[in-house]
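Inspection log for the structure reproduced underneath, given as structure tokens.
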Amino acid sequence: MKVRTRFAPSPTGYMHIGNLRTALYGYLYAKKQGGSFILRLEDTDSKRYVEDAVQIIYDTLKDAGIRYDEGPDVGGDYGPYIQSERAAIYREYAEKLVELGGAYYCFCDKERLESLKDANGVGRYDKHCLHLSKEEVREKLAAGVPYVIRQNVPAEGSGTYEDLVYGTVTVDFKEIEDGVLLKSDGLPTYNFANVVDDHLMGITHVIRGSEYLSSTPKYNLMYDAFGWERPAYIHLPPIMKNAHEKLSKRNGDASYQDLVDKGYIKEAIINYIALLGWSPKSNQEKMSLAELEENFSLSGLNKSPSIFDEPKLRWLSGEYVREMSDEKFAQLALPFLKRSKAYGKYPDAALLKILKPRVEVLEDIPSKIDFLEEYGKFDAGLYFNKKMKSDAEIAKVVLPAAAETLKGVETYENAALYAALVELAQKLGMKNGQVLWCVRVALTGRENTPGGASEMAELLGKERCLERLAKAQAFLNE
RNA sequence: GGCCCCGUGGUCAAGCGGUCAAGACAUCGCCCUUUCACGGCGGUAACACGAGUUCGAUUCUCGUCGGGGUCACCA
């Protein structure tokens, strides 16, 4: 049988990392098995609907490269793919389930329901309306009494199923309440809609978060009552922010879009989240989407929660930066380059060249090159470097001589500048590092820069170099 | 609290009765070097605890502890 998986988000906001990973795994499994991946929108709770959420879901999936074969905006043979457009279908099946004995009409009002709960708000529905006669039900229905349809869960026994990652899961039916399947507004609850849709849409593998682990037996009860084949279940452990909290937008944790906005490379984000909860057979961790599709397997799924580790994402992002073409880098880096004070004052190509080997997350770009436009009094202690054997005293000797040397260089090009400075070191009887370190510090006022003395000199150009060298000497003599 | 699930280094994670318990990130050190970064090499660092089962448990069972999830006319 052809594998069909689905991603069924509720349009209540943006896509967080956990959601995206669920979508990714569903996509990867389907692709690996040569099956189809479907997008379905679960919008049966009008109170939680958020305006742009649907568009965000479409955009995020598209942006991440997760293509769905069927969905609201791409069509398919099993539509509609938006639950709010399937109301009639749910009603039909809910009534059918009532006939089959798997559900029943309930006319209890809010007050009665409240009275069933104890001081802690805990208490289950008492199956009161299950005992209504057919006539009573018909009369109330005819009289227009508001109602819901509840699932009829057996009082005895238990439900067991084999989860493909968690193994055997068993829940006693007495732990399960006769939940509402069809709300008084006529729309289904998730508990009912997911079962009807997954069956009608031919979903073979249900991939979702582990929060559904213990409610799955009640869904199975419905599959069984309808005489439908149960799908295979693949529950996924949560992605945590730390040992105790789940990663969530509510806590202000990074969403996919936030990460992209910060300049993490998209491919790295996908690659990284694929690795949170799943591991490949080989030790190769850096993988493109295509490689993930090729290597994905259920056996690599882990059942314990994993903590989102930004440093590792950062590293992976850097790996992607390093391997991308200069053109691609230029394109991605431009918006961030523009945020720097130095933008427009130096050739983009020159900036990009020194940045590419050193950038992991694009938002780091401005801080790496702002020194090109920011130059002021700095601590003379910067001249001290144990390994280079340099300090402020050495600088006092080096700087005037370097100014003289650099004045004599015509074309400000790295190799020529480097040669000139090394020659100067020899002339002064110093180590190359002593001259190079002092000059670089004098030129930039920074301890760390994206490149060495001659590279910085090339970038700054003759005029600025001589100007800064003069200032640096003045600072030193203050 | 009841029920369900989870528990290997700081983090991700391999392992599926016998291993000196992989690998990656992070961290530390060394090398390379024109600082930084890249790259190369190396180090520190883990089976939550206690009982079983077994010739032998990280691996199987039970308990304890710790953590998460779930108990809605939300998904």
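Just so we're on the same page: first chain in the structure tokens is A, next is B, and so on; residues restart at 1 for each chain, and ligands are numbered from 1 in the order they show up.
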
Neighbour list for stretch 379-384 of chain A as a ChimeraX atom specification, cut-off 12 Å, only C-alpha atoms (C1' of nucleotides), skip fewer than 5 positions in-chain: /A:389-399,433-448,472-478 /B:35

Write out the residues from the selection above, keeping C-alpha atoms (C1' of nucleotides), as an mmCIF file, in the first residue's frame.
data_model
loop_
_atom_site.group_PDB
_atom_site.id
_atom_site.type_symbol
_atom_site.label_atom_id
_atom_site.label_comp_id
_atom_site.auth_asym_id
_atom_site.auth_seq_id
_atom_site.Cartn_x
_atom_site.Cartn_y
_atom_site.Cartn_z
ATOM 1 C CA LYS A 389 55.934 39.634 21.868
ATOM 2 C CA SER A 390 54.447 43.006 21.308
ATOM 3 C CA ASP A 391 53.255 45.792 23.569
ATOM 4 C CA ALA A 392 52.757 49.552 23.604
ATOM 5 C CA GLU A 393 56.498 50.214 23.708
ATOM 6 C CA ILE A 394 57.067 48.128 20.625
ATOM 7 C CA ALA A 395 54.162 49.932 19.001
ATOM 8 C CA LYS A 396 55.829 53.269 19.607
ATOM 9 C CA VAL A 397 58.720 52.079 17.478
ATOM 10 C CA VAL A 398 56.699 50.220 14.898
ATOM 11 C CA LEU A 399 53.984 52.749 14.152
ATOM 12 C CA GLY A 433 54.337 39.294 14.356
ATOM 13 C CA GLN A 434 55.497 42.301 16.311
ATOM 14 C CA VAL A 435 55.047 44.584 13.360
ATOM 15 C CA LEU A 436 51.945 42.926 11.988
ATOM 16 C CA TRP A 437 50.145 42.850 15.324
ATOM 17 C CA CYS A 438 50.875 46.477 16.121
ATOM 18 C CA VAL A 439 49.897 47.700 12.687
ATOM 19 C CA ARG A 440 46.659 45.748 12.661
ATOM 20 C CA VAL A 441 45.668 47.046 16.084
ATOM 21 C CA ALA A 442 46.583 50.599 15.144
ATOM 22 C CA LEU A 443 44.606 50.345 11.942
ATOM 23 C CA THR A 444 41.472 48.879 13.483
ATOM 24 C CA GLY A 445 41.457 49.560 17.181
ATOM 25 C CA ARG A 446 40.241 46.004 17.666
ATOM 26 C CA GLU A 447 41.729 42.938 19.177
ATOM 27 C CA ASN A 448 40.045 40.693 16.647
ATOM 28 C CA ALA A 472 47.114 55.776 16.755
ATOM 29 C CA GLN A 473 50.467 57.377 17.404
ATOM 30 C CA ALA A 474 48.780 60.354 18.944
ATOM 31 C CA PHE A 475 46.748 58.065 21.243
ATOM 32 C CA LEU A 476 49.932 56.312 22.219
ATOM 33 C CA ASN A 477 51.663 59.515 23.175
ATOM 34 C CA GLU A 478 48.832 60.914 25.237
ATOM 35 C "C1'" U B 35 45.107 38.695 15.201
#

Which of stretch 97-214 of chain A DSSP labels strand (DSSP E or B), written as a PyMOL selection string: chain A and resi 103-106+148-151+158-163+167-172+180-182+188+205-209

Non-local contacts of stretch 12-27 of chain B (7 Å; only C-alpha atoms (C1' of nucleotides); under 5 positions in same chain excluded) as a PyMOL selection string: (chain A and resi 276+283+311-312) or (chain B and resi 56-57+59)

Chain B residues near chain A (9 Å cut-off, only C-alpha atoms (C1' of nucleotides)) as JSON, numbers by chain: {"B": [2, 3, 4, 5, 6, 7, 11, 12, 13, 14, 23, 24, 25, 26, 34, 35, 36, 37, 38, 67, 68, 69, 70, 71, 72, 73, 74, 75]}

Near-B:C31 list (12 Å; only C-alpha atoms (C1' of nucleotides); drop same-chain fewer than 6 positions) as a VMD selection string: chain B and resid 39 to 42

Those selected residues, please, written with C-alpha atoms (C1' of nucleotides) and delivered as an mmCIF file, in the first residue's frame.
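Output saved as part_8.cif:
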data_model
loop_
_atom_site.group_PDB
_atom_site.id
_atom_site.type_symbol
_atom_site.label_atom_id
_atom_site.label_comp_id
_atom_site.auth_asym_id
_atom_site.auth_seq_id
_atom_site.Cartn_x
_atom_site.Cartn_y
_atom_site.Cartn_z
ATOM 1 C "C1'" G B 39 41.778 23.587 8.921
ATOM 2 C "C1'" G B 40 44.674 19.527 11.539
ATOM 3 C "C1'" C B 41 45.816 16.843 16.123
ATOM 4 C "C1'" G B 42 44.810 15.690 21.106
#

Would you kindly return, as a tab-separated table (two decimals) with all heavy atoms, in the first residue's frame, each protein, DNA or RNA residue with an atom no farther than 9 Å from any atom of A:Ala401, considering only C-alpha atoms (C1' of nucleotides) and excluding same-chain residues fewer than 4 positions away?
chain	number	residue	atom	x	y	z
A	397	VAL	N	57.64	52.17	18.46
A	397	VAL	CA	58.72	52.08	17.48
A	397	VAL	C	58.16	51.71	16.11
A	397	VAL	O	58.51	52.30	15.09
A	397	VAL	CB	59.75	51.00	17.91
A	397	VAL	CG1	60.84	50.88	16.85
A	397	VAL	CG2	60.33	51.35	19.27
A	405	THR	N	56.57	53.38	5.83
A	405	THR	CA	56.56	52.27	4.86
A	405	THR	C	55.29	52.28	4.03
A	405	THR	O	55.32	52.18	2.80
A	405	THR	CB	56.65	50.92	5.60
A	405	THR	OG1	57.87	50.88	6.33
A	405	THR	CG2	56.61	49.75	4.60
A	406	LEU	N	54.15	52.38	4.72
A	406	LEU	CA	52.87	52.33	4.01
A	406	LEU	C	52.67	53.53	3.09
A	406	LEU	O	51.93	53.48	2.12
A	406	LEU	CB	51.72	52.20	5.00
A	406	LEU	CG	51.70	50.87	5.77
A	406	LEU	CD1	50.52	50.82	6.72
A	406	LEU	CD2	51.65	49.68	4.81
A	424	LEU	N	59.88	45.54	6.57
A	424	LEU	CA	60.07	46.51	7.64
A	424	LEU	C	60.49	45.81	8.93
A	424	LEU	O	61.38	46.29	9.65
A	424	LEU	CB	58.77	47.29	7.88
A	424	LEU	CG	58.77	48.20	9.12
A	424	LEU	CD1	59.81	49.32	8.94
A	424	LEU	CD2	57.40	48.80	9.36
A	428	LEU	N	63.77	46.50	11.13
A	428	LEU	CA	63.75	46.90	12.53
A	428	LEU	C	64.35	45.83	13.44
A	428	LEU	O	64.46	46.02	14.65
A	428	LEU	CB	62.30	47.17	12.98
A	428	LEU	CG	61.60	48.37	12.33
A	428	LEU	CD1	60.15	48.41	12.77
A	428	LEU	CD2	62.31	49.67	12.72

For A:Tyr264: contacts at 10 Å, only C-alpha atoms (C1' of nucleotides), fewer than 6 positions along chain excluded, given as a PyMOL selection string: chain A and resi 256-258+313-318+320-321+360-363

Convert the current residue selection to file output with N, CA and C atoms, as a PDB file, in the first residue's frame.
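Written output follows (again-v6.pdb):
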ATOM      1  N   TYR A 256      10.798  29.273  13.291  1.00  0.00           N
ATOM      2  CA  TYR A 256      11.573  29.087  12.053  1.00  0.00           C
ATOM      3  C   TYR A 256      11.876  30.448  11.438  1.00  0.00           C
ATOM      4  N   GLN A 257      10.836  31.267  11.337  1.00  0.00           N
ATOM      5  CA  GLN A 257      11.014  32.576  10.718  1.00  0.00           C
ATOM      6  C   GLN A 257      11.995  33.449  11.485  1.00  0.00           C
ATOM      7  N   ASP A 258      11.950  33.354  12.814  1.00  0.00           N
ATOM      8  CA  ASP A 258      12.883  34.141  13.627  1.00  0.00           C
ATOM      9  C   ASP A 258      14.320  33.750  13.306  1.00  0.00           C
ATOM     10  N   LEU A 313      23.384  24.536  16.040  1.00  0.00           N
ATOM     11  CA  LEU A 313      22.727  25.062  14.832  1.00  0.00           C
ATOM     12  C   LEU A 313      23.666  26.086  14.211  1.00  0.00           C
ATOM     13  N   ARG A 314      24.256  26.877  15.073  1.00  0.00           N
ATOM     14  CA  ARG A 314      25.169  27.935  14.631  1.00  0.00           C
ATOM     15  C   ARG A 314      26.335  27.331  13.851  1.00  0.00           C
ATOM     16  N   TRP A 315      26.882  26.293  14.399  1.00  0.00           N
ATOM     17  CA  TRP A 315      27.999  25.610  13.742  1.00  0.00           C
ATOM     18  C   TRP A 315      27.578  25.096  12.362  1.00  0.00           C
ATOM     19  N   LEU A 316      26.423  24.434  12.350  1.00  0.00           N
ATOM     20  CA  LEU A 316      25.925  23.867  11.098  1.00  0.00           C
ATOM     21  C   LEU A 316      25.684  24.979  10.080  1.00  0.00           C
ATOM     22  N   SER A 317      25.144  26.090  10.558  1.00  0.00           N
ATOM     23  CA  SER A 317      24.884  27.215   9.678  1.00  0.00           C
ATOM     24  C   SER A 317      26.197  27.678   9.049  1.00  0.00           C
ATOM     25  N   GLY A 318      27.247  27.725   9.863  1.00  0.00           N
ATOM     26  CA  GLY A 318      28.550  28.132   9.366  1.00  0.00           C
ATOM     27  C   GLY A 318      29.054  27.176   8.292  1.00  0.00           C
ATOM     28  N   TYR A 320      27.267  25.582   6.212  1.00  0.00           N
ATOM     29  CA  TYR A 320      26.560  25.875   4.968  1.00  0.00           C
ATOM     30  C   TYR A 320      27.069  27.162   4.327  1.00  0.00           C
ATOM     31  N   VAL A 321      27.435  28.123   5.152  1.00  0.00           N
ATOM     32  CA  VAL A 321      27.962  29.368   4.605  1.00  0.00           C
ATOM     33  C   VAL A 321      29.253  29.067   3.860  1.00  0.00           C
ATOM     34  N   GLU A 360      28.900  32.682  10.601  1.00  0.00           N
ATOM     35  CA  GLU A 360      28.070  31.491  10.816  1.00  0.00           C
ATOM     36  C   GLU A 360      26.603  31.898  10.693  1.00  0.00           C
ATOM     37  N   VAL A 361      26.278  32.989  11.367  1.00  0.00           N
ATOM     38  CA  VAL A 361      24.920  33.517  11.324  1.00  0.00           C
ATOM     39  C   VAL A 361      25.035  34.921  10.746  1.00  0.00           C
ATOM     40  N   LEU A 362      24.261  35.196   9.719  1.00  0.00           N
ATOM     41  CA  LEU A 362      24.357  36.454   9.002  1.00  0.00           C
ATOM     42  C   LEU A 362      24.228  37.719   9.851  1.00  0.00           C
ATOM     43  N   GLU A 363      23.467  37.624  10.930  1.00  0.00           N
ATOM     44  CA  GLU A 363      23.286  38.830  11.737  1.00  0.00           C
ATOM     45  C   GLU A 363      24.577  39.269  12.415  1.00  0.00           C
TER      46      GLU A 363
END
